[in-house]
Structure formats: C-alpha cells, structure tokens
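For reference, target.cif is printed below; it contains mmCIF, C-alpha atoms and all ligand atoms.
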```
data_query
#
loop_
_atom_site.label_atom_id
_atom_site.label_comp_id
_atom_site.auth_asym_id
_atom_site.auth_seq_id
_atom_site.Cartn_x
_atom_site.Cartn_y
_atom_site.Cartn_z
CA MET A 457 8.55 -24.67 -11.68
CA SER A 458 11.95 -23.19 -11.83
CA GLU A 459 13.26 -26.18 -13.68
CA THR A 460 10.89 -25.74 -16.56
CA ASP A 461 11.05 -21.99 -16.29
CA GLU A 462 7.32 -21.90 -16.69
CA SER A 463 5.78 -18.61 -15.81
CA PRO A 464 3.06 -18.75 -13.18
CA THR A 465 1.19 -16.14 -15.07
CA GLU A 466 1.18 -17.82 -18.44
CA SER A 467 -2.10 -19.57 -17.89
CA LYS A 468 -3.55 -16.59 -16.11
CA PRO A 469 -7.34 -16.32 -16.35
CA SER A 470 -8.54 -14.54 -19.41
CA ASP A 471 -10.40 -11.87 -17.48
CA PRO A 472 -7.83 -9.14 -17.10
CA GLU A 473 -10.42 -6.70 -15.89
CA ALA A 474 -11.41 -8.72 -12.87
CA GLY A 475 -10.66 -6.57 -9.89
CA SER A 476 -8.39 -4.33 -11.85
CA ASP A 477 -9.68 -1.25 -10.15
CA ALA A 478 -8.56 -2.64 -7.23
CA ASP A 479 -8.53 -1.43 -4.02
CA ASP A 480 -10.06 -3.30 -1.19
CA ALA A 481 -13.47 -3.00 -2.68
CA ALA A 482 -12.62 -4.65 -5.93
CA SER A 483 -13.35 -8.06 -7.34
CA GLY A 484 -16.85 -9.24 -6.89
CA ALA A 485 -15.95 -12.57 -8.41
CA ASP A 486 -17.93 -15.54 -7.21
CA LEU A 487 -15.41 -17.41 -5.16
CA SER A 488 -17.70 -19.99 -3.70
CA GLY A 489 -15.90 -22.70 -5.62
CA VAL A 490 -12.56 -21.42 -4.48
CA MET A 491 -13.24 -20.79 -0.85
CA GLY A 492 -14.76 -24.19 -0.30
CA THR A 493 -16.44 -25.53 2.74
CA GLU A 494 -15.10 -28.20 4.95
CA ALA A 495 -16.90 -30.76 2.79
CA ASP A 496 -15.15 -29.68 -0.36
CA VAL A 497 -11.71 -28.82 0.90
CA PRO A 498 -9.39 -29.81 -1.92
CA SER A 499 -8.27 -33.32 -1.32
CA ALA A 500 -5.00 -34.88 -2.27
CA ASP A 501 -5.02 -37.33 -5.14
CA ASP A 502 -5.04 -40.96 -4.22
CA GLY A 503 -1.61 -42.28 -3.49
CA ALA A 504 1.49 -40.61 -2.17
CA ARG A 505 2.68 -37.43 -3.80
CA TYR A 506 6.19 -36.19 -4.18
CA ALA A 507 7.20 -34.08 -1.19
CA PRO A 508 9.56 -31.28 -2.21
CA LEU A 509 9.98 -30.14 1.40
CA GLU A 510 11.01 -32.57 4.13
CA VAL A 511 11.79 -31.54 7.67
CA GLU A 512 13.30 -34.07 10.03
CA GLY A 513 14.07 -33.85 13.73
CA LEU A 514 14.31 -30.06 13.62
CA ARG A 515 15.35 -28.51 16.88
CA LYS A 516 16.20 -24.98 17.93
CA GLU A 517 17.37 -23.82 21.30
CA PHE A 518 17.69 -20.21 22.33
CA GLY A 519 19.72 -20.30 25.51
CA GLY A 520 17.57 -22.31 27.88
CA ILE A 521 14.46 -22.18 25.68
CA THR A 522 13.71 -24.97 23.24
CA ALA A 523 11.60 -23.20 20.64
CA VAL A 524 11.42 -26.15 18.25
CA ASP A 525 11.78 -29.60 19.71
CA GLY A 526 12.23 -32.43 17.21
CA VAL A 527 9.80 -31.40 14.50
CA SER A 528 9.35 -33.67 11.47
CA PHE A 529 6.92 -33.30 8.59
CA ASP A 530 6.86 -33.09 4.85
CA VAL A 531 4.92 -30.94 2.48
CA GLU A 532 3.55 -32.60 -0.62
CA GLU A 533 3.68 -31.07 -4.04
CA GLY A 534 0.73 -28.99 -5.19
CA THR A 535 -0.88 -28.83 -1.79
CA LEU A 536 -1.89 -26.20 0.72
CA THR A 537 -0.59 -27.17 4.12
CA GLY A 538 -1.43 -25.09 7.18
CA LEU A 539 0.91 -24.74 10.14
CA ILE A 540 -0.98 -23.59 13.20
CA GLY A 541 -0.56 -23.47 16.94
CA PRO A 542 -0.99 -21.12 19.86
CA ASN A 543 1.34 -18.20 20.52
CA GLY A 544 4.86 -19.37 21.22
CA ALA A 545 4.26 -22.83 19.70
CA GLY A 546 7.33 -22.52 17.48
CA LYS A 547 5.77 -21.80 14.09
CA SER A 548 7.86 -18.74 13.19
CA THR A 549 11.03 -20.41 14.39
CA THR A 550 10.22 -23.42 12.20
CA PHE A 551 9.69 -21.10 9.21
CA ASN A 552 12.97 -19.36 9.94
CA LEU A 553 14.81 -22.68 10.21
CA ILE A 554 13.38 -23.91 6.91
CA THR A 555 14.25 -20.70 5.05
CA GLY A 556 17.76 -20.35 6.45
CA MET A 557 17.05 -17.30 8.62
CA LEU A 558 18.11 -19.40 11.61
CA ASP A 559 20.48 -22.33 11.94
CA PRO A 560 19.01 -25.36 13.66
CA THR A 561 20.54 -26.82 16.79
CA ALA A 562 19.77 -30.22 15.26
CA GLY A 563 17.80 -31.78 12.44
CA THR A 564 17.67 -31.46 8.69
CA VAL A 565 15.69 -29.67 6.03
CA ARG A 566 15.60 -31.23 2.59
CA PHE A 567 14.31 -29.51 -0.49
CA ASN A 568 13.79 -31.36 -3.75
CA GLY A 569 15.87 -34.18 -2.30
CA GLU A 570 18.81 -31.96 -1.36
CA ASP A 571 19.96 -31.21 2.14
CA ILE A 572 19.60 -27.44 2.49
CA THR A 573 20.18 -27.26 6.24
CA GLY A 574 22.36 -24.31 7.14
CA LEU A 575 22.34 -22.73 3.69
CA GLN A 576 21.97 -18.97 3.45
CA PRO A 577 18.46 -17.61 2.83
CA HIS A 578 19.32 -16.45 -0.69
CA GLU A 579 20.74 -19.87 -1.56
CA ILE A 580 17.51 -21.48 -0.40
CA ALA A 581 15.36 -18.94 -2.24
CA ASN A 582 17.33 -19.52 -5.40
CA ARG A 583 16.66 -23.25 -5.17
CA GLY A 584 12.95 -22.51 -5.38
CA LEU A 585 11.86 -22.28 -1.76
CA ALA A 586 10.57 -18.77 -1.16
CA ARG A 587 8.85 -17.02 1.70
CA THR A 588 6.94 -13.83 2.16
CA PHE A 589 8.48 -10.95 4.08
CA GLN A 590 6.64 -8.07 5.64
CA ILE A 591 7.33 -4.83 3.80
CA ALA A 592 10.08 -3.24 5.88
CA ARG A 593 9.69 0.37 6.98
CA GLU A 594 12.32 1.68 4.60
CA LEU A 595 10.54 0.01 1.70
CA GLU A 596 7.34 1.85 2.56
CA GLU A 597 8.90 4.97 1.14
CA MET A 598 9.42 3.28 -2.18
CA THR A 599 6.83 2.60 -4.84
CA VAL A 600 5.32 -0.79 -5.49
CA LEU A 601 7.36 -1.05 -8.69
CA GLU A 602 10.58 -0.17 -6.87
CA ASN A 603 9.76 -2.76 -4.22
CA MET A 604 9.36 -5.34 -6.92
CA MET A 605 12.58 -4.37 -8.68
CA LEU A 606 14.34 -4.64 -5.34
CA ALA A 607 13.14 -8.18 -4.77
CA PRO A 608 13.73 -9.51 -1.29
CA LYS A 609 17.34 -10.06 -0.42
CA GLY A 610 18.65 -13.14 -2.05
CA GLN A 611 15.96 -13.32 -4.63
CA VAL A 612 16.37 -12.38 -8.22
CA GLY A 613 17.63 -8.87 -8.50
CA GLU A 614 20.17 -6.85 -10.31
CA SER A 615 22.85 -7.22 -7.68
CA LEU A 616 22.45 -10.95 -7.53
CA TRP A 617 22.61 -11.32 -11.27
CA ARG A 618 25.70 -9.18 -11.34
CA SER A 619 27.31 -11.25 -8.65
CA ILE A 620 26.72 -14.56 -10.36
CA MET A 621 27.61 -13.75 -13.91
CA PRO A 622 30.06 -11.39 -15.53
CA MET A 623 28.02 -9.49 -18.03
CA THR A 624 28.44 -7.16 -20.86
CA ARG A 625 26.39 -4.02 -20.73
CA GLY A 626 24.03 -5.48 -23.31
CA SER A 627 23.33 -8.61 -21.35
CA VAL A 628 22.72 -6.59 -18.17
CA ARG A 629 20.18 -4.57 -20.08
CA GLU A 630 18.60 -7.73 -21.42
CA GLN A 631 18.34 -9.19 -17.95
CA GLU A 632 16.88 -5.96 -16.63
CA THR A 633 14.28 -5.98 -19.37
CA GLU A 634 13.45 -9.58 -18.54
CA GLN A 635 13.17 -8.73 -14.87
CA LEU A 636 10.90 -5.81 -15.62
CA GLU A 637 8.68 -7.99 -17.77
CA ARG A 638 8.47 -10.55 -15.03
CA VAL A 639 7.66 -7.82 -12.48
CA TRP A 640 4.76 -6.53 -14.58
CA GLU A 641 3.54 -10.05 -15.21
CA VAL A 642 3.39 -10.79 -11.50
CA LEU A 643 1.87 -7.38 -10.64
CA ASP A 644 -0.77 -8.02 -13.27
CA PHE A 645 -1.45 -11.51 -11.92
CA PHE A 646 -2.09 -10.09 -8.44
CA GLU A 647 -4.12 -7.23 -9.94
CA ILE A 648 -1.97 -4.55 -8.39
CA ASP A 649 -0.34 -3.33 -11.59
CA HIS A 650 -2.39 -0.11 -11.39
CA LEU A 651 -0.69 0.53 -8.02
CA ALA A 652 2.83 0.33 -9.47
CA GLN A 653 3.61 3.99 -8.80
CA GLU A 654 1.94 4.07 -5.38
CA TYR A 655 4.15 4.23 -2.30
CA ALA A 656 4.10 0.93 -0.47
CA GLY A 657 3.40 2.84 2.73
CA ASN A 658 0.07 3.99 1.28
CA LEU A 659 -1.21 0.49 0.56
CA SER A 660 -3.98 -1.06 2.60
CA GLY A 661 -3.20 -4.11 4.71
CA GLY A 662 -4.54 -6.43 2.02
CA GLN A 663 -2.71 -4.71 -0.81
CA ARG A 664 0.51 -5.08 1.17
CA LYS A 665 -0.10 -8.78 1.47
CA LEU A 666 -0.59 -8.99 -2.29
CA LEU A 667 2.68 -7.13 -2.76
CA GLU A 668 4.46 -9.41 -0.31
CA MET A 669 3.26 -12.44 -2.21
CA ALA A 670 4.11 -10.83 -5.54
CA ARG A 671 7.68 -10.22 -4.34
CA ALA A 672 8.02 -13.81 -3.19
CA LEU A 673 6.76 -15.06 -6.53
CA LEU A 674 9.37 -13.23 -8.55
CA THR A 675 11.78 -16.13 -8.45
CA ASP A 676 9.08 -18.50 -9.68
CA PRO A 677 9.54 -20.77 -6.67
CA ASP A 678 8.29 -24.34 -6.36
CA VAL A 679 7.27 -23.92 -2.75
CA LEU A 680 6.03 -20.75 -1.05
CA LEU A 681 5.97 -20.24 2.68
CA LEU A 682 3.36 -17.67 3.64
CA ASP A 683 3.67 -16.02 7.01
CA GLU A 684 0.25 -14.89 8.18
CA PRO A 685 -0.94 -13.91 4.71
CA PHE A 686 -4.37 -12.83 5.93
CA ALA A 687 -3.42 -10.73 8.94
CA GLY A 688 -4.96 -7.28 8.69
CA VAL A 689 -6.74 -8.08 5.43
CA ASN A 690 -10.38 -7.13 4.92
CA PRO A 691 -12.83 -9.83 3.81
CA THR A 692 -13.01 -8.69 0.19
CA LEU A 693 -9.30 -8.73 -0.35
CA GLU A 694 -9.02 -11.91 1.68
CA LYS A 695 -11.16 -13.62 -0.96
CA ARG A 696 -8.91 -12.31 -3.68
CA LEU A 697 -5.81 -13.51 -1.89
CA LEU A 698 -7.38 -16.92 -1.46
CA GLU A 699 -8.37 -16.98 -5.08
CA HIS A 700 -4.77 -16.28 -6.11
CA ILE A 701 -3.40 -18.90 -3.75
CA HIS A 702 -5.80 -21.55 -5.02
CA GLU A 703 -5.09 -20.62 -8.60
CA LEU A 704 -1.35 -20.93 -8.07
CA ARG A 705 -1.85 -24.21 -6.29
CA GLU A 706 -3.83 -25.54 -9.23
CA ARG A 707 -0.87 -24.68 -11.40
CA GLY A 708 1.35 -26.86 -9.27
CA TYR A 709 2.72 -24.44 -6.69
CA THR A 710 3.01 -25.75 -3.16
CA PHE A 711 2.19 -23.72 -0.06
CA LEU A 712 2.99 -23.93 3.60
CA ILE A 713 0.98 -21.33 5.47
CA VAL A 714 1.31 -20.06 9.01
CA GLU A 715 -1.94 -18.39 9.92
CA HIS A 716 -3.82 -17.57 13.09
CA ASP A 717 -7.26 -17.61 11.50
CA MET A 718 -8.39 -21.19 12.10
CA ASP A 719 -11.38 -21.04 9.77
CA LEU A 720 -9.24 -19.95 6.85
CA ILE A 721 -6.84 -22.82 7.41
CA MET A 722 -9.57 -25.38 8.01
CA ASN A 723 -11.58 -24.35 4.97
CA ASN A 724 -8.73 -24.05 2.54
CA CYS A 725 -5.92 -26.43 3.45
CA GLU A 726 -6.08 -30.13 2.75
CA ARG A 727 -3.65 -30.79 5.55
CA VAL A 728 -3.02 -29.08 8.86
CA ILE A 729 -0.03 -29.43 11.15
CA VAL A 730 -0.61 -28.29 14.72
CA MET A 731 2.37 -27.25 16.82
CA HIS A 732 2.36 -26.87 20.57
CA GLN A 733 5.30 -26.12 22.84
CA GLY A 734 7.80 -26.68 20.06
CA ARG A 735 6.44 -30.05 19.01
CA ILE A 736 3.94 -31.38 16.53
CA LEU A 737 0.77 -32.14 18.38
CA LYS A 738 -1.25 -33.35 15.42
CA ASP A 739 -0.83 -33.67 11.66
CA GLY A 740 -3.90 -34.48 9.63
CA THR A 741 -6.88 -33.34 7.62
CA PRO A 742 -8.95 -30.40 8.87
CA THR A 743 -11.61 -32.83 10.05
CA GLU A 744 -9.08 -34.88 11.99
CA ILE A 745 -7.71 -31.73 13.56
CA LYS A 746 -11.12 -30.44 14.53
CA GLU A 747 -12.01 -33.76 16.11
CA SER A 748 -8.75 -34.13 18.02
CA GLU A 749 -9.30 -33.89 21.74
CA GLU A 750 -5.66 -32.99 22.35
CA VAL A 751 -5.84 -30.14 19.85
CA ILE A 752 -9.06 -28.85 21.34
CA GLU A 753 -7.52 -29.00 24.78
CA ALA A 754 -4.09 -27.63 24.01
CA TYR A 755 -4.74 -25.23 21.19
CA LEU A 756 -8.34 -24.22 21.20
CA GLY A 757 -8.77 -24.01 24.92
CA GLY A 758 -11.83 -26.22 24.72
CA GLU A 759 -13.57 -24.36 21.91
CA VAL A 760 -13.67 -25.27 18.26
N1 LIG B 1 15.34 -15.13 19.17
C1 LIG B 1 14.77 -15.72 20.22
N2 LIG B 1 15.39 -15.73 21.41
C2 LIG B 1 14.84 -16.34 22.47
N3 LIG B 1 13.66 -16.98 22.44
C3 LIG B 1 12.99 -17.00 21.29
C4 LIG B 1 13.51 -16.38 20.12
N4 LIG B 1 12.61 -16.56 19.10
C5 LIG B 1 11.59 -17.26 19.61
N5 LIG B 1 11.82 -17.52 20.92
C6 LIG B 1 10.95 -18.28 21.81
O1 LIG B 1 10.68 -19.52 21.19
C7 LIG B 1 9.34 -19.91 21.36
C8 LIG B 1 8.66 -20.11 20.03
O2 LIG B 1 8.50 -18.84 19.42
P1 LIG B 1 7.90 -18.67 17.95
O3 LIG B 1 7.94 -17.21 17.65
O4 LIG B 1 8.57 -19.59 17.01
O5 LIG B 1 6.40 -19.14 18.17
P2 LIG B 1 5.13 -18.90 17.24
O6 LIG B 1 4.37 -20.17 17.23
O7 LIG B 1 5.55 -18.36 15.93
O8 LIG B 1 4.34 -17.79 18.06
P3 LIG B 1 3.40 -16.61 17.55
O9 LIG B 1 2.17 -17.26 17.01
O10 LIG B 1 3.15 -15.83 18.79
O11 LIG B 1 4.15 -15.84 16.52
C9 LIG B 1 8.71 -18.83 22.24
O12 LIG B 1 8.79 -19.24 23.57
C10 LIG B 1 9.58 -17.64 21.98
O13 LIG B 1 9.57 -16.77 23.08
#
```
Would it be possible to restate this file's structure as structure tokens?
Amino acid sequence: MSETDESPTESKPSDPEAGSDADDAASGADLSGVMGTEADVPSADDGARYAPLEVEGLRKEFGGITAVDGVSFDVEEGTLTGLIGPNGAGKSTTFNLITGMLDPTAGTVRFNGEDITGLQPHEIANRGLARTFQIARELEEMTVLENMMLAPKGQVGESLWRSIMPMTRGSVREQETEQLERVWEVLDFFEIDHLAQEYAGNLSGGQRKLLEMARALLTDPDVLLLDEPFAGVNPTLEKRLLEHIHELRERGYTFLIVEHDMDLIMNNCERVIVMHQGRILKDGTPTEIKESEEVIEAYLGGEV
C-alpha cells in the first residue's frame, strides 16, 4: 500500500451517511455478508500467497520465564489471521516482538522480505507494519482530532517529518495540510469525523477502538496488528468495526488480530494460530482449530 501510495479511503463506499450519526447506536447496515458464518468465512485464493510478515524461531525470555518459545508463522497478504490462546500464552509478547517494542532473545522477524528484527518501533511502523495502541490516559484529555494529529509515536507526524527532511516553511505547511487531509479522510472512513472535537476520554469503548484503528491507519500500512480490537465494544459497534476490517482487507490490507472472543475470530478469520505456553499449538483454518483435540484440551478447557 505504501509503495503505491494508494489511499485506503479512495474506494470508500459511496454511502457517506451510513452510520454518520454515530454513536454506538448507529449503522443499521446489513452486515450478514460481512460477518459471515463458519461456512462462508473468507477463504484464501487457491495457491500460495505472498507473505509480507514472516516470523521464525522467535523467542523471548524474561529472567527465568520463557514467554515466547520458538514461534514461527507467516501472515499472507490480504488475509485476516487470528492469534489466540489462553492468558499468558505469549500473544502480547509476540506482538511486541514483531513491532519492535521488545527485542527477541532469539529468532527473526521479516517484513516484505527484509529482516526487521531489533528495529525501533517507529522504523517498523514506517516500513508499513502498524499496530493499534490503547489511547493513553494523557491523550484522553485531547480531542479526537488532536489525537489523530499526534499520531502514535513513530508514525507520521510533524516531528517525524521535521526530523527526516529539512524543510522550508512552505513545505512544512504543505505537509501539514496533507496530513490534515489524510486525518479527515481516515476519520470519515471510520465514521467518527463528527466526533473530531470530542475529548477522547468521552468516547465509548467502541468509539475508542475506531479511533485506535484510525490512528494506526494514518501511515497507510500494508499490515495492521490489532490488539484486542473488540474488547469493551458493544454489539452494534462491533459490527461496524468488523465491517471496516473486512472492507480494508478486501482492498488488500493484511491483518493479524489478537482477540479473546473466540467466535469473532472463528467467524471472521480465514486462518487461526493458537498459542499455548509460549509455543504454537495449532495453526489452521477455524474448522481445523475447532476440531483439534489439543486445542480443546489446552485452550478451551474441554468446551468449544
Ligand atoms: N515484562 C515481563 N516480565 C516478566 N514476565 C513477563 C513480561 N511480559 C510477559 N511476561 C510473562 O510472559 C508470559 C506471556 O505473557 P503475554 O502477556 O505475552 O501472554 P498473553 O498471551 O498476551 O496473555 P493475555 O491474554 O493474558 O494478555 C506470561 O507468563 C507473562 O507473565
């Protein structure tokens, strides 16, 4: 995406009013085709796809604890891949290792064919691998628009631009105008543009998640890592979030999603990776995961 500089919002649906009143009660759109059932979970095209993200032999030790123990997987382009596992399985640590928040004890992370292991988070984000961040407490006292203008550290923002290119005043202004345009485009895409002047602290759980995703999308990444995107989100807004994720996926974006809600993962991801005790227990389709005895035993405690 970043290579072609194609905006994710350019082919935005032509119904700008959909959900534009939006609070949690908005958007009555029929999402039955988007949500899917297990039978119509989007399936990968025949044949192997390009995998922009490749993780190999990833390991992280914290003192005597091995949080991630030799994890290898790849994430194929244009797919929704779920990363699940019981508490303490190593999911967050894996996310943090991929996005440069933590340095691995061993193993490699490759992105678009390049070894990005050990790079700083902003370097990784600028290559097109972005993640969502919870809105920090200090950002709650800022408006949605201010949150967007202050994109997450390391993502496109005034300070970063200034640091990478010496600019004349005119070009700074130009860049700022471009950034503002992009911000409005993304806010509009997520149907939270009407909340631009609202304090982030006043947003509902679901609206926050939309803002988190909007912030992550500012750099127009190729791959987005979503950390529990549905936690604390009511069912109506959950549908909207899913709709946006599926729409972005159809445009070629790739997602890796850590989520505790099994049904959401099973019904929406074409591939599910199950972690347990720092290792990958199973990697397969939702059906394969559901039918796996070891997953049922280790992760679901005997219940599907
Ligand atoms: N900074 C740290 N220092 C020490 N141990 C840690 C640290 N971070 C994680 N751990 C340990 O590593 C293991 C994996 O934790 P991690 O948070 O990655 O799991 P998780 O699958 O994301 O769990 P949850 O679903 O509860 O968020 C746990 O045993 C955890 O206690």
query: When you draw a straight line from atom O5 of ligand LIG 1 (chain B) to CA of Ile729 (chain A), how long is it in Å?
result: 14.0 Å
Please identify every residue of chain A that has at least one atom no farther than 9 Å from an atom of ligand LIG 1 (chain B), counting only C-alpha atoms and all ligand atoms, and for each give the shortest atom pair and the distance in Å to one decimal, arranged by chain then increasing number, as a Markdown table.
```
| residue | atom | partner | partner_atom | distance |
| --- | --- | --- | --- | --- |
| A:Lys516 | CA | B:LIG1 | O1 | 8.4 |
| A:Glu517 | CA | B:LIG1 | N3 | 7.9 |
| A:Phe518 | CA | B:LIG1 | C2 | 4.8 |
| A:Gly519 | CA | B:LIG1 | C2 | 7.0 |
| A:Gly520 | CA | B:LIG1 | C2 | 8.5 |
| A:Ile521 | CA | B:LIG1 | N3 | 6.2 |
| A:Thr522 | CA | B:LIG1 | O1 | 6.6 |
| A:Ala523 | CA | B:LIG1 | O1 | 3.8 |
| A:Val524 | CA | B:LIG1 | C8 | 6.9 |
| A:Ile540 | CA | B:LIG1 | O6 | 7.5 |
| A:Gly541 | CA | B:LIG1 | O6 | 5.9 |
| A:Pro542 | CA | B:LIG1 | O9 | 5.7 |
| A:Asn543 | CA | B:LIG1 | O10 | 3.4 |
| A:Gly544 | CA | B:LIG1 | O5 | 3.4 |
| A:Ala545 | CA | B:LIG1 | O6 | 3.6 |
| A:Gly546 | CA | B:LIG1 | O4 | 3.2 |
| A:Lys547 | CA | B:LIG1 | O6 | 3.8 |
| A:Ser548 | CA | B:LIG1 | O7 | 3.6 |
| A:Thr549 | CA | B:LIG1 | O4 | 3.7 |
| A:Thr550 | CA | B:LIG1 | O4 | 6.4 |
| A:Phe551 | CA | B:LIG1 | O4 | 8.0 |
| A:Asn552 | CA | B:LIG1 | O4 | 8.3 |
| A:Val714 | CA | B:LIG1 | O7 | 8.3 |
| A:Glu715 | CA | B:LIG1 | O9 | 8.3 |
| A:His716 | CA | B:LIG1 | O9 | 7.2 |
| A:Met731 | CA | B:LIG1 | O6 | 7.4 |
| A:His732 | CA | B:LIG1 | O6 | 7.8 |
| A:Gln733 | CA | B:LIG1 | C8 | 7.4 |
| A:Gly734 | CA | B:LIG1 | C8 | 6.6 |
```
Include C-alpha atoms and write out the residues we just selected as an mmCIF file, keeping the file's coordinate frame.
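Done, and the output landed in part-v3.cif:
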```
data_model
loop_
_atom_site.group_PDB
_atom_site.id
_atom_site.type_symbol
_atom_site.label_atom_id
_atom_site.label_comp_id
_atom_site.auth_asym_id
_atom_site.auth_seq_id
_atom_site.Cartn_x
_atom_site.Cartn_y
_atom_site.Cartn_z
ATOM 1 C CA LYS A 516 16.200 -24.980 17.930
ATOM 2 C CA GLU A 517 17.370 -23.820 21.300
ATOM 3 C CA PHE A 518 17.690 -20.210 22.330
ATOM 4 C CA GLY A 519 19.720 -20.300 25.510
ATOM 5 C CA GLY A 520 17.570 -22.310 27.880
ATOM 6 C CA ILE A 521 14.460 -22.180 25.680
ATOM 7 C CA THR A 522 13.710 -24.970 23.240
ATOM 8 C CA ALA A 523 11.600 -23.200 20.640
ATOM 9 C CA VAL A 524 11.420 -26.150 18.250
ATOM 10 C CA ILE A 540 -0.980 -23.590 13.200
ATOM 11 C CA GLY A 541 -0.560 -23.470 16.940
ATOM 12 C CA PRO A 542 -0.990 -21.120 19.860
ATOM 13 C CA ASN A 543 1.340 -18.200 20.520
ATOM 14 C CA GLY A 544 4.860 -19.370 21.220
ATOM 15 C CA ALA A 545 4.260 -22.830 19.700
ATOM 16 C CA GLY A 546 7.330 -22.520 17.480
ATOM 17 C CA LYS A 547 5.770 -21.800 14.090
ATOM 18 C CA SER A 548 7.860 -18.740 13.190
ATOM 19 C CA THR A 549 11.030 -20.410 14.390
ATOM 20 C CA THR A 550 10.220 -23.420 12.200
ATOM 21 C CA PHE A 551 9.690 -21.100 9.210
ATOM 22 C CA ASN A 552 12.970 -19.360 9.940
ATOM 23 C CA VAL A 714 1.310 -20.060 9.010
ATOM 24 C CA GLU A 715 -1.940 -18.390 9.920
ATOM 25 C CA HIS A 716 -3.820 -17.570 13.090
ATOM 26 C CA MET A 731 2.370 -27.250 16.820
ATOM 27 C CA HIS A 732 2.360 -26.870 20.570
ATOM 28 C CA GLN A 733 5.300 -26.120 22.840
ATOM 29 C CA GLY A 734 7.800 -26.680 20.060
#
```
Do you have, as CSV, the list of residues of region 499-616 of chain A lying at most 8 Å from region 678-697 of chain A, each with its nearest atom pair and that distance in Å to one decimal, counting only C-alpha atoms and ordered by chain then number?
```
residue,atom,partner,partner_atom,distance
A:Pro508,CA,A:Val679,CA,7.7
A:Leu509,CA,A:Val679,CA,8.0
A:Ser548,CA,A:Asp683,CA,7.9
A:Phe551,CA,A:Leu681,CA,7.6
A:Gly584,CA,A:Asp678,CA,5.1
A:Leu585,CA,A:Val679,CA,5.0
A:Ala586,CA,A:Leu680,CA,5.0
A:Arg587,CA,A:Leu681,CA,4.4
A:Thr588,CA,A:Leu682,CA,5.5
A:Phe589,CA,A:Asp683,CA,7.6
```
message: Please determine, counting only C-alpha atoms, which residue among A:Ala581, A:Met669, A:Ile736, A:Val531 has the shortest atom-to-atom distance to Glu750 (chain A).
response: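 Looking only at the distances to Glu750 (chain A), the closest residue turns out to be A:Ile736.
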- prompt: What gap, in Å, lies between CA of Glu632 (chain A) and CA of Ile701 (chain A)?
  reply: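 Between CA of Glu632 (chain A) and CA of Ile701 (chain A) the gap is 27.3 Å.
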message: Excluding Ala507 (chain A) and its own-chain neighbours fewer than 6 positions away, which residues fall within 9 Å of it when counting only C-alpha atoms? Please give them as number ranges by chain.
response: A: 530-533, 567-569
- request: Tell me which of A:Leu536, A:Ala592, A:Val511, A:Leu720 sits closest to Glu703 (chain A), counting all atoms listed in the file.
  value: A:Leu536
task: Go ahead and compute the interatomic distance for CA of Tyr709 (chain A) and CA of Tyr506 (chain A), in Å to one decimal.
output: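 CA of Tyr506 (chain A) lies at a distance of 12.5 Å from CA of Tyr709 (chain A).
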query: Using only C-alpha atoms, which of A:Ile752, A:Arg735, A:Phe646, A:Met722 sits nearest Leu704 (chain A)?
result: A:Phe646
